[in-house]
$ cat work14.csv   # CSV, C-alpha atoms
chain,number,residue,atom,x,y,z
Q,201,MET,CA,-47.5,-26.6,8.0
Q,202,LEU,CA,-43.7,-26.7,8.1
Q,203,HIS,CA,-41.8,-23.4,8.6
Q,204,ALA,CA,-38.4,-22.9,7.2
Q,205,ALA,CA,-35.6,-22.6,9.8
Q,206,LYS,CA,-34.4,-19.1,10.4
Q,207,GLU,CA,-31.2,-18.1,8.6
Q,208,HIS,CA,-28.8,-16.2,10.7
Q,209,ILE,CA,-26.2,-13.9,9.1
Q,210,VAL,CA,-23.3,-13.9,11.6
Q,211,ILE,CA,-20.4,-11.5,11.7
Q,212,ARG,CA,-17.4,-13.8,12.0
Q,213,ALA,CA,-14.8,-11.1,12.1
Q,214,CYS,CA,-14.1,-7.5,11.6
Q,215,GLY,CA,-11.0,-5.8,10.3
Q,216,ALA,CA,-10.5,-2.0,10.5
Q,217,ILE,CA,-8.0,0.8,10.4
Q,218,SER,CA,-9.0,4.3,11.4
Q,219,PRO,CA,-7.9,7.4,13.4
Q,220,LEU,CA,-8.6,5.3,16.5
Q,221,GLY,CA,-6.4,2.3,15.7
Q,222,TYR,CA,-5.3,-0.5,13.5
Q,223,ASP,CA,-6.8,-3.6,15.2
Q,224,ARG,CA,-9.4,-4.5,17.8
Q,225,ALA,CA,-7.1,-3.9,20.8
Q,226,SER,CA,-5.9,-0.5,19.8
Q,227,THR,CA,-9.3,0.7,18.8
Q,228,ALA,CA,-10.9,-0.6,22.1
Q,229,ALA,CA,-8.2,1.3,24.0
Q,230,ALA,CA,-9.0,4.5,22.1
Q,231,TYR,CA,-12.7,4.2,22.9
Q,232,ALA,CA,-11.9,3.5,26.5
Q,233,LEU,CA,-9.6,6.6,26.6
Q,234,GLY,CA,-12.2,8.8,24.9
Q,235,GLN,CA,-9.5,11.0,23.3
Q,236,PRO,CA,-10.5,12.6,20.0
Q,237,ALA,CA,-8.1,11.7,17.1
Q,238,PHE,CA,-8.0,15.2,15.4
Q,239,SER,CA,-5.1,17.3,14.3
Q,240,ASN,CA,-4.8,20.5,12.3
Q,241,SER,CA,-3.7,20.8,8.7
Q,242,LEU,CA,-3.0,24.1,6.9
Q,243,HIS,CA,-5.5,24.1,4.0
Q,244,GLN,CA,-6.2,27.1,1.9
Q,245,GLU,CA,-4.2,29.2,4.3
Q,246,GLN,CA,-6.5,28.2,7.1
Q,247,GLN,CA,-5.9,25.8,10.0
Q,248,THR,CA,-8.3,22.9,9.3
Q,249,PRO,CA,-9.2,20.1,11.7
Q,250,ILE,CA,-8.9,16.6,10.2
Q,251,ALA,CA,-8.7,13.0,11.6
Q,252,PRO,CA,-5.8,11.1,10.0
Q,253,LEU,CA,-4.5,7.7,10.9
Q,254,PRO,CA,-2.2,7.7,14.0
Q,255,PRO,CA,1.5,6.9,13.5
Q,256,GLN,CA,1.1,3.3,14.6
Q,257,ALA,CA,-1.5,2.7,11.9
Q,258,GLU,CA,0.7,4.4,9.3
Q,259,GLN,CA,3.4,1.9,10.3
Q,260,GLN,CA,1.0,-0.9,9.5
Q,261,LEU,CA,0.3,0.5,6.1
Q,262,ALA,CA,4.0,0.9,5.5
Q,263,SER,CA,4.6,-2.7,6.4
Q,264,LEU,CA,1.8,-3.7,3.9
Q,265,LEU,CA,3.5,-1.7,1.1
Q,266,GLN,CA,6.9,-3.2,2.0
Q,267,ALA,CA,5.5,-6.7,1.8
Q,268,THR,CA,3.8,-6.2,-1.5
Q,269,PRO,CA,5.5,-3.6,-3.7
Q,270,ASP,CA,2.8,-3.7,-6.3
Q,271,TYR,CA,0.5,-1.9,-3.9
Q,272,LYS,CA,2.6,1.3,-4.2
Q,273,LYS,CA,0.7,2.1,-7.4
Q,274,LEU,CA,-2.7,2.0,-5.6
Q,275,ASP,CA,-4.7,4.8,-4.1
Q,276,ARG,CA,-4.7,5.1,-0.3
Q,277,ALA,CA,-8.4,4.1,-0.1
Q,278,VAL,CA,-7.5,0.8,-1.8
Q,279,LEU,CA,-4.7,0.2,0.7
Q,280,LEU,CA,-6.9,0.9,3.6
Q,281,ALA,CA,-9.5,-1.6,2.2
Q,282,VAL,CA,-6.9,-4.3,1.6
Q,283,TYR,CA,-5.5,-3.9,5.1
Q,284,ALA,CA,-8.9,-4.2,6.7
Q,285,ALA,CA,-10.0,-7.0,4.5
Q,286,ARG,CA,-6.9,-9.1,5.2
Q,287,GLN,CA,-7.4,-8.6,8.9
Q,288,ALA,CA,-11.0,-9.7,8.8
Q,289,ALA,CA,-10.2,-12.7,6.6
Q,290,ALA,CA,-7.4,-13.7,8.9
Q,291,GLN,CA,-9.5,-13.5,12.0
Q,292,ALA,CA,-12.3,-15.5,10.4
Q,293,GLY,CA,-9.8,-18.2,9.3
Q,294,TRP,CA,-10.4,-17.4,5.6
Q,295,LEU,CA,-7.0,-16.0,4.6
Q,296,SER,CA,-5.5,-18.4,2.1
Q,297,ASP,CA,-1.9,-17.7,1.1
Q,298,ASN,CA,-1.6,-20.7,-1.2
Q,299,GLY,CA,-2.7,-18.7,-4.2
Q,300,LEU,CA,-5.8,-20.8,-4.8
Q,301,GLN,CA,-8.9,-18.9,-5.4
Q,302,GLN,CA,-11.8,-19.4,-3.0
Q,303,ALA,CA,-14.8,-19.6,-5.3
Q,304,ASP,CA,-17.4,-19.3,-2.6
Q,305,LEU,CA,-15.9,-16.0,-1.1
Q,306,ALA,CA,-17.4,-12.8,-2.5
Q,307,VAL,CA,-16.4,-9.2,-1.9
Q,308,ASN,CA,-18.2,-5.9,-1.8
Q,309,ILE,CA,-16.2,-2.9,-0.9
Q,310,GLY,CA,-17.8,0.6,-1.2
Q,311,SER,CA,-16.5,4.1,-1.2
Q,312,SER,CA,-18.1,7.5,-1.5
Q,313,ARG,CA,-15.2,9.1,-3.4
Q,314,GLY,CA,-13.0,6.2,-4.5
Q,315,ALA,CA,-9.4,6.8,-5.5
Q,316,THR,CA,-9.6,10.5,-4.7
Q,317,GLY,CA,-5.9,11.2,-3.9
Q,318,LEU,CA,-4.6,9.3,-6.9
Q,319,PHE,CA,-7.2,10.9,-9.2
Q,320,GLU,CA,-6.1,14.3,-8.2
Q,321,GLN,CA,-2.4,13.4,-8.8
Q,322,HIS,CA,-3.1,12.0,-12.2
Q,323,TYR,CA,-5.2,15.1,-13.1
Q,324,ALA,CA,-2.4,17.3,-12.1
Q,325,SER,CA,-0.1,15.3,-14.4
Q,326,PHE,CA,-2.6,15.6,-17.2
Q,327,GLN,CA,-2.5,19.4,-16.9
Q,328,GLN,CA,1.2,19.1,-17.3
Q,329,HIS,CA,0.8,16.8,-20.4
Q,330,ASN,CA,2.4,13.9,-18.5
Q,331,LEU,CA,-0.4,11.5,-17.9
Q,332,SER,CA,0.6,7.9,-16.8
Q,333,PRO,CA,-0.9,4.9,-18.6
Q,334,GLY,CA,-1.8,3.6,-15.1
Q,335,ALA,CA,-4.2,6.5,-14.5
Q,336,SER,CA,-7.4,4.7,-15.7
Q,337,PRO,CA,-7.0,1.3,-14.2
Q,338,THR,CA,-6.0,2.6,-10.7
Q,339,THR,CA,-8.7,5.2,-10.4
Q,340,THR,CA,-11.8,3.2,-11.4
Q,341,LEU,CA,-14.2,2.4,-8.5
Q,342,GLY,CA,-14.0,-1.3,-9.3
Q,343,ASN,CA,-10.3,-1.0,-8.4
Q,344,LEU,CA,-11.4,-1.3,-4.7
Q,345,SER,CA,-13.0,-4.8,-4.7
Q,346,SER,CA,-10.7,-6.3,-7.3
Q,347,TRP,CA,-7.5,-5.6,-5.3
Q,348,VAL,CA,-9.2,-6.8,-2.1
Q,349,ALA,CA,-10.2,-10.0,-3.9
Q,350,HIS,CA,-6.5,-10.5,-5.0
Q,351,ALA,CA,-5.4,-9.9,-1.4
Q,352,VAL,CA,-7.6,-12.6,0.1
Q,353,ASN,CA,-7.8,-14.9,-2.9
Q,354,ALA,CA,-11.5,-14.4,-3.3
Q,355,GLY,CA,-12.9,-16.0,-6.4
Q,356,GLY,CA,-16.6,-15.1,-6.0
Q,357,ALA,CA,-18.4,-11.9,-7.0
Q,358,GLN,CA,-16.4,-8.7,-6.8
Q,359,ILE,CA,-18.6,-5.6,-6.3
Q,360,SER,CA,-17.7,-2.0,-5.8
Q,361,HIS,CA,-20.2,0.8,-5.4
Q,362,SER,CA,-20.9,4.3,-4.1
Q,363,ILE,CA,-24.1,5.4,-2.4
Q,364,THR,CA,-22.4,8.4,-0.8
Q,365,CYS,CA,-22.3,8.0,3.0
Q,366,SER,CA,-24.7,5.1,3.2
Q,367,THR,CA,-22.2,3.1,1.1
Q,368,ALA,CA,-20.8,0.7,3.7
Q,369,LEU,CA,-24.2,-0.3,5.1
Q,370,MET,CA,-25.4,-1.0,1.6
Q,371,ALA,CA,-22.4,-3.3,1.1
Q,372,LEU,CA,-23.4,-5.2,4.3
Q,373,ALA,CA,-26.9,-5.4,2.9
Q,374,ASN,CA,-25.6,-6.8,-0.4
Q,375,GLY,CA,-23.7,-9.4,1.6
Q,376,VAL,CA,-26.8,-10.5,3.5
Q,377,ALA,CA,-28.8,-10.7,0.3
Q,378,TRP,CA,-26.1,-12.8,-1.6
Q,379,LEU,CA,-25.7,-15.2,1.3
Q,380,LYS,CA,-29.4,-15.7,1.8
Q,381,ALA,CA,-29.8,-16.2,-2.0
Q,382,GLY,CA,-27.1,-18.9,-2.0
Q,383,MET,CA,-25.0,-16.9,-4.4
Q,384,ALA,CA,-22.0,-16.9,-2.1
Q,385,GLY,CA,-20.9,-19.1,0.8
Q,386,ARG,CA,-18.9,-16.3,2.6
Q,387,PHE,CA,-18.8,-12.6,2.1
Q,388,LEU,CA,-16.4,-9.8,2.9
Q,389,ALA,CA,-18.3,-6.4,3.0
Q,390,GLY,CA,-17.4,-2.9,4.1
Q,391,GLY,CA,-16.3,0.6,3.2
Q,392,THR,CA,-13.2,2.6,2.7
Q,393,GLU,CA,-12.3,6.3,2.3
Q,394,ALA,CA,-9.2,8.4,2.1
Q,395,PRO,CA,-10.6,11.9,1.6
Q,396,LEU,CA,-8.0,14.0,3.3
Q,397,THR,CA,-7.0,15.6,0.0
Q,398,ASP,CA,-6.9,19.2,-1.0
Q,399,PHE,CA,-9.8,19.1,-3.4
Q,400,THR,CA,-12.1,17.0,-1.1
Q,401,LEU,CA,-11.5,19.3,1.8
Q,402,ALA,CA,-12.3,22.3,-0.4
Q,403,GLN,CA,-15.5,20.6,-1.5
Q,404,MET,CA,-16.7,20.1,2.0
Q,405,LYS,CA,-15.8,23.7,2.9
Q,406,ALA,CA,-17.7,24.9,-0.2
Q,407,VAL,CA,-20.9,23.2,1.1
Q,408,GLY,CA,-20.5,25.4,4.2
Q,409,ILE,CA,-20.5,22.6,6.8
Q,410,TYR,CA,-16.8,22.4,7.8
Q,411,SER,CA,-15.9,23.0,11.4
Q,412,ARG,CA,-14.1,26.2,12.3
Q,413,LEU,CA,-13.1,24.8,15.7
Q,414,ALA,CA,-9.5,24.0,14.8
Q,415,HIS,CA,-8.1,24.8,18.2
Q,416,GLN,CA,-10.8,23.3,20.3
Q,417,PRO,CA,-10.6,19.9,22.1
Q,418,TYR,CA,-13.7,18.7,20.2
Q,419,PRO,CA,-13.7,20.2,16.7
Q,420,CYS,CA,-16.5,17.8,15.6
Q,421,ARG,CA,-19.5,18.1,18.0
Q,422,PRO,CA,-22.6,16.2,16.9
Q,423,TYR,CA,-25.7,17.2,18.9
Q,424,ALA,CA,-23.8,20.1,20.5
Q,425,LEU,CA,-25.9,22.9,22.1
Q,426,GLU,CA,-24.0,25.5,20.0
Q,427,LYS,CA,-25.7,26.4,16.7
Q,428,GLN,CA,-22.9,25.9,14.3
Q,429,ASN,CA,-21.7,23.2,11.8
Q,430,THR,CA,-18.8,21.1,13.1
Q,431,PHE,CA,-18.2,18.6,10.3
Q,432,VAL,CA,-14.6,17.2,10.2
Q,433,LEU,CA,-13.2,14.8,7.6
Q,434,GLY,CA,-11.5,11.6,8.7
Q,435,GLU,CA,-10.1,8.5,6.9
Q,436,GLY,CA,-10.3,4.8,7.4
Q,437,ALA,CA,-11.8,1.4,6.4
Q,438,ALA,CA,-13.7,-1.4,8.0
Q,439,VAL,CA,-14.5,-4.8,6.5
Q,440,PHE,CA,-16.7,-7.6,7.9
Q,441,ALA,CA,-16.6,-11.3,7.4
Q,442,LEU,CA,-20.2,-12.5,7.0
Q,443,GLU,CA,-21.5,-16.1,6.9
Q,444,LYS,CA,-24.9,-17.7,6.9
Q,445,ALA,CA,-25.5,-20.1,9.9
Q,446,ALA,CA,-28.2,-22.4,11.0
Q,447,ALA,CA,-29.6,-21.8,14.5
Q,448,THR,CA,-27.6,-24.8,15.7
Q,449,ASN,CA,-24.4,-23.2,14.6
Q,450,VAL,CA,-24.9,-19.8,16.3
Q,451,GLN,CA,-23.0,-19.7,19.6
Q,452,LYS,CA,-23.4,-17.5,22.6
Q,453,GLY,CA,-21.4,-14.3,22.0
Q,454,ASP,CA,-21.9,-14.4,18.3
Q,455,VAL,CA,-23.2,-11.1,16.7
Q,456,GLU,CA,-25.7,-11.4,13.9
Q,457,ILE,CA,-27.2,-8.9,11.5
Q,458,GLU,CA,-30.8,-9.2,12.6
Q,459,ALA,CA,-32.5,-6.5,10.5
Q,460,LEU,CA,-31.8,-4.1,7.6
Q,461,GLY,CA,-33.9,-1.1,6.6
Q,462,PHE,CA,-33.6,1.5,3.8
Q,463,GLY,CA,-35.1,4.9,3.3
Q,464,PHE,CA,-35.2,7.5,0.5
Q,465,GLU,CA,-36.7,10.9,0.1
Q,466,SER,CA,-36.9,13.4,-2.7
Q,467,ILE,CA,-34.0,15.9,-2.7
Q,468,GLY,CA,-35.2,19.1,-1.1
Q,469,SER,CA,-31.8,20.6,-0.4
Q,470,LYS,CA,-28.2,20.2,-1.6
Q,471,THR,CA,-27.6,17.5,1.0
Q,472,GLY,CA,-31.0,15.8,0.4
Q,473,ILE,CA,-32.5,15.6,3.9
Q,474,SER,CA,-35.8,17.0,5.2
Q,475,PRO,CA,-36.2,18.6,8.7
Q,476,GLU,CA,-38.2,15.5,9.7
Q,477,GLY,CA,-35.5,13.1,8.5
Q,478,LEU,CA,-38.1,11.1,6.5
Q,479,ASN,CA,-35.4,8.9,5.0
Q,480,PHE,CA,-34.1,8.0,8.5
Q,481,GLN,CA,-37.7,7.3,9.6
Q,482,GLN,CA,-38.3,4.9,6.7
Q,483,ALA,CA,-35.0,3.1,7.3
Q,484,MET,CA,-35.5,2.6,11.0
Q,485,GLN,CA,-39.2,1.6,10.7
Q,486,GLN,CA,-38.3,-0.9,8.0
Q,487,ALA,CA,-35.6,-2.4,10.2
Q,488,LEU,CA,-37.8,-2.6,13.3
Q,489,VAL,CA,-40.7,-4.5,11.7
Q,490,GLN,CA,-38.2,-7.3,10.8
Q,491,LEU,CA,-37.7,-7.9,14.5
Q,492,PRO,CA,-39.9,-10.3,16.5
Q,493,GLN,CA,-43.3,-8.7,17.1
Q,494,ASP,CA,-43.1,-9.2,20.8
Q,495,ASP,CA,-39.4,-8.1,21.1
Q,496,ARG,CA,-38.5,-5.0,19.2
Q,497,GLN,CA,-36.4,-3.3,21.9
Q,498,VAL,CA,-33.3,-1.5,20.8
Q,499,ASP,CA,-30.8,-0.7,23.5
Q,500,LEU,CA,-28.6,1.8,21.7
Q,501,ILE,CA,-28.6,3.8,18.4
Q,502,ILE,CA,-25.3,4.8,16.9
Q,503,THR,CA,-26.3,7.7,14.8
Q,504,HIS,CA,-25.0,9.1,11.5
Q,505,THR,CA,-24.7,12.7,12.8
Q,506,PRO,CA,-21.7,14.2,11.0
Q,507,GLY,CA,-21.8,17.4,13.0
Q,508,THR,CA,-24.0,19.4,10.7
Q,509,ARG,CA,-26.8,21.4,12.3
Q,510,ALA,CA,-29.5,20.3,9.8
Q,511,GLY,CA,-28.5,16.7,9.5
Q,512,ASP,CA,-28.1,16.1,13.2
Q,513,LYS,CA,-31.3,17.8,14.0
Q,514,ALA,CA,-33.2,15.8,11.4
Q,515,GLU,CA,-31.9,12.4,12.5
Q,516,LEU,CA,-32.9,13.2,16.1
Q,517,ALA,CA,-36.3,14.3,15.0
Q,518,ALA,CA,-36.7,11.0,13.1
Q,519,ILE,CA,-35.7,8.9,16.1
Q,520,TYR,CA,-38.3,10.7,18.2
Q,521,ALA,CA,-40.9,10.1,15.5
Q,522,VAL,CA,-40.2,6.4,15.3
Q,523,PHE,CA,-39.6,5.6,19.0
Q,524,GLY,CA,-41.5,8.4,20.8
Q,525,THR,CA,-39.9,11.2,22.7
Q,526,GLY,CA,-40.2,9.4,26.0
Q,527,HIS,CA,-39.2,6.0,24.9
Q,528,THR,CA,-36.1,6.5,22.8
Q,529,PRO,CA,-33.1,4.1,23.2
Q,530,ALA,CA,-29.8,5.5,24.4
Q,531,ILE,CA,-28.2,7.5,21.6
Q,532,THR,CA,-24.6,8.0,20.8
Q,533,THR,CA,-22.1,8.6,18.0
Q,534,ASN,CA,-18.4,8.1,17.4
Q,535,LYS,CA,-17.8,11.1,15.1
Q,536,TRP,CA,-16.7,13.4,17.9
Q,537,LEU,CA,-13.8,11.0,18.2
Q,538,LEU,CA,-12.8,10.2,14.5
Q,539,GLY,CA,-14.8,12.6,12.3
Q,540,HIS,CA,-16.8,11.7,9.2
Q,541,THR,CA,-15.2,9.1,7.0
Q,542,LEU,CA,-17.9,9.4,4.3
Q,543,GLY,CA,-18.4,6.0,2.6
Q,544,ALA,CA,-16.5,4.2,5.4
Q,545,SER,CA,-18.5,5.9,8.2
Q,546,GLY,CA,-21.2,3.3,8.4
Q,547,ALA,CA,-18.6,0.5,8.6
Q,548,LEU,CA,-16.7,2.2,11.4
Q,549,SER,CA,-20.0,2.8,13.2
Q,550,LEU,CA,-20.7,-0.9,12.9
Q,551,GLN,CA,-17.2,-1.6,14.3
Q,552,TYR,CA,-18.2,0.6,17.2
Q,553,ALA,CA,-21.4,-1.4,17.6
Q,554,LEU,CA,-19.4,-4.6,17.8
Q,555,HIS,CA,-17.2,-3.0,20.5
Q,556,VAL,CA,-20.3,-1.9,22.5
Q,557,LEU,CA,-21.8,-5.4,22.3
Q,558,GLN,CA,-18.6,-7.1,23.3
Q,559,GLN,CA,-17.5,-4.7,26.0
Q,560,GLN,CA,-21.1,-3.8,27.2
Q,561,THR,CA,-20.2,-0.2,27.4
Q,562,TYR,CA,-19.9,2.9,25.2
Q,563,THR,CA,-17.9,6.1,25.5
Q,564,PRO,CA,-20.0,9.0,26.8
Q,565,ILE,CA,-20.0,12.2,24.8
Q,566,PRO,CA,-18.0,14.7,27.1
Q,567,TYR,CA,-19.6,18.0,26.0
Q,568,PRO,CA,-23.2,19.2,26.7
Q,569,THR,CA,-25.6,17.8,24.1
Q,570,GLN,CA,-29.3,18.0,23.1
Q,571,LEU,CA,-29.6,14.2,23.7
Q,572,PRO,CA,-32.1,12.8,26.2
Q,573,GLU,CA,-30.5,11.3,29.3
Q,574,GLN,CA,-31.6,7.7,28.6
Q,575,GLN,CA,-29.0,5.1,29.6
Q,576,ALA,CA,-28.7,1.4,29.2
Q,577,SER,CA,-27.0,-1.0,31.7
Q,578,SER,CA,-26.6,-3.8,29.2
Q,579,PHE,CA,-26.7,-4.1,25.4
Q,580,THR,CA,-28.2,-6.9,23.3
Q,581,ARG,CA,-29.3,-4.9,20.3
Q,582,VAL,CA,-27.6,-1.9,18.6
Q,583,MET,CA,-29.0,0.0,15.7
Q,584,VAL,CA,-26.6,1.8,13.3
Q,585,ASN,CA,-27.8,4.6,11.0
Q,586,ALA,CA,-26.2,6.1,7.9
Q,587,ALA,CA,-27.4,8.6,5.3
Q,588,GLY,CA,-25.9,10.2,2.3
Q,589,PHE,CA,-26.2,13.0,-0.2
Q,590,GLY,CA,-29.0,12.3,-2.6
Q,591,GLY,CA,-31.7,11.4,0.0
Q,592,ASN,CA,-30.8,7.8,0.9
Q,593,ALA,CA,-30.6,6.3,4.3
Q,594,ALA,CA,-29.9,2.9,5.8
Q,595,SER,CA,-30.3,1.2,9.3
Q,596,ILE,CA,-28.8,-2.1,10.5
Q,597,VAL,CA,-29.7,-3.8,13.7
Q,598,LEU,CA,-27.0,-6.0,15.3
Q,599,ARG,CA,-27.9,-8.6,18.0
Q,600,LEU,CA,-25.7,-10.3,20.5
Q,601,GLN,CA,-26.5,-13.9,21.0
$ encode --input "work14.csv" --output "structure tokens"
Amino acid sequence: MLHAAKEHIVIRACGAISPLGYDRASTAAAYALGQPAFSNSLHQEQQTPIAPLPPQAEQQLASLLQATPDYKKLDRAVLLAVYAARQAAAQAGWLSDNGLQQADLAVNIGSSRGATGLFEQHYASFQQHNLSPGASPTTTLGNLSSWVAHAVNAGGAQISHSITCSTALMALANGVAWLKAGMAGRFLAGGTEAPLTDFTLAQMKAVGIYSRLAHQPYPCRPYALEKQNTFVLGEGAAVFALEKAAATNVQKGDVEIEALGFGFESIGSKTGISPEGLNFQQAMQQALVQLPQDDRQVDLIITHTPGTRAGDKAELAAIYAVFGTGHTPAITTNKWLLGHTLGASGALSLQYALHVLQQQTYTPIPYPTQLPEQQASSFTRVMVNAAGFGGNAASIVLRLQ
């Protein structure tokens, strides 16, 4: 009996802009330094920690606006996505400036909140009876993928979606499915978020999870020993260039998406997560069974862990349930460095996973944590988790060839 050759989904490139940097070199330097990217903003008469882009990244966005004046009417989340997508397409050799559409190139850009800042501005204008005719077309969720498609001359499918904080991993899953189905030849997938607005900050505070550690070195502290919520909002975007490759076209050093898992549980709280992290358990188990039966070792898990007591505890409980308390992989997170970027968080965690696989190291969390002391000396497989309001969760396993 003949067996079909395995199809590999390879990450050809990654573009990103975040509180840690605006390209691979600046972000790698930030991870090596291990310096949190937080600052304080006066919000509702209270000093509030946030993670905005650094000045060098802001200069990159300013250059993008200067080069393309039409972008000035777009929301910041769209600009972040365009910047990251153009970077990924350029690295992959897919960026075409001749104006011809690339029919085989599809796009899926997700966001939890979408055009948050622009929507708030237009609503303020509406209250003053001065609403712009551009309000509707620039605040729809589809605005994300369509402008990215214009920016890279993609002529394939253009998908935008929101599945709260699992959004970016679901975009990667869509990319894998479309490529394997032959509905696209190449795929740009990722997430973007620009939530540092007055109303979004107020919403997070209203949930009761926002950090009060404005003047501390680490205002966002996932897995900390202290019993308090330390959620901090950040902004950013990351986009990945995906391509299907035969085994003969996969080279040493390539990184492939080896497995995808999804989980869901009935909402039992306002954030939709059980103490056992059942959605995380389902997602991780579903990803693990897709790995070779005789080789299901994961070297590192980059967790969702936004710094909320209930969420962090539930994800750790889920990891113990899936792997066993004495056999867990090394566990880490990047949110103590750049905060929670909502719909972009899974993409920025994937960018961190690529960094770990390429550099063969990760940045240790500097404060005391509840994490086990397991360490890894080398990294071949990294699992990335994400979960969102509503009870959904996703896990992706990346493998270094």
$ atom_distance --input "work14.csv" --atom1 "CA of Ser466 in chain Q" --atom2 "CA of Asn592 in chain Q"
9.0 Å
$ atom_distance --input "work14.csv" --atom1 "CA of Ala389 in chain Q" --atom2 "CA of Ala487 in chain Q"
19.2 Å
$ closest_residue --input "work14.csv" --among "Q:Ile209, Q:Phe440, Q:Ala257, Q:Ser362" --to "Ala377 in chain Q" --atoms "all atoms listed in the file"
Q:Ile209
$ atom_distance --input "work14.csv" --atom1 "CA of Gly234 in chain Q" --atom2 "CA of Ala576 in chain Q"
18.6 Å
$ residues_around --input "work14.csv" --residues "range 295-299 of chain Q" --least-positions-apart "2" --cutoff "10 Å" --atoms "all atoms listed in the file" --output "VMD selection string"
chain Q and resid 285 to 293 301 to 302 350 to 354
$ write_last_selection --input "work14.csv" --atoms "C-alpha atoms" --output "tab-separated table (two decimals), in the coordinates of the input"
chain	number	residue	atom	x	y	z
Q	285	ALA	CA	-10.00	-7.00	4.50
Q	286	ARG	CA	-6.90	-9.10	5.20
Q	287	GLN	CA	-7.40	-8.60	8.90
Q	288	ALA	CA	-11.00	-9.70	8.80
Q	289	ALA	CA	-10.20	-12.70	6.60
Q	290	ALA	CA	-7.40	-13.70	8.90
Q	291	GLN	CA	-9.50	-13.50	12.00
Q	292	ALA	CA	-12.30	-15.50	10.40
Q	293	GLY	CA	-9.80	-18.20	9.30
Q	301	GLN	CA	-8.90	-18.90	-5.40
Q	302	GLN	CA	-11.80	-19.40	-3.00
Q	350	HIS	CA	-6.50	-10.50	-5.00
Q	351	ALA	CA	-5.40	-9.90	-1.40
Q	352	VAL	CA	-7.60	-12.60	0.10
Q	353	ASN	CA	-7.80	-14.90	-2.90
Q	354	ALA	CA	-11.50	-14.40	-3.30
$ residues_near_point --input "work14.csv" --point "(-13.4, 14.2, 25.4)" --cutoff "8 Å" --atoms "only C-alpha atoms" --output "PDB file with C-alpha atoms, keeping the file's coordinate frame"
ATOM      1  CA  GLY Q 234     -12.200   8.800  24.900  1.00  0.00           C
ATOM      2  CA  GLN Q 235      -9.500  11.000  23.300  1.00  0.00           C
ATOM      3  CA  PRO Q 236     -10.500  12.600  20.000  1.00  0.00           C
ATOM      4  CA  PRO Q 417     -10.600  19.900  22.100  1.00  0.00           C
ATOM      5  CA  TYR Q 418     -13.700  18.700  20.200  1.00  0.00           C
ATOM      6  CA  LEU Q 537     -13.800  11.000  18.200  1.00  0.00           C
ATOM      7  CA  ILE Q 565     -20.000  12.200  24.800  1.00  0.00           C
ATOM      8  CA  PRO Q 566     -18.000  14.700  27.100  1.00  0.00           C
ATOM      9  CA  TYR Q 567     -19.600  18.000  26.000  1.00  0.00           C
TER      10      TYR Q 567
END
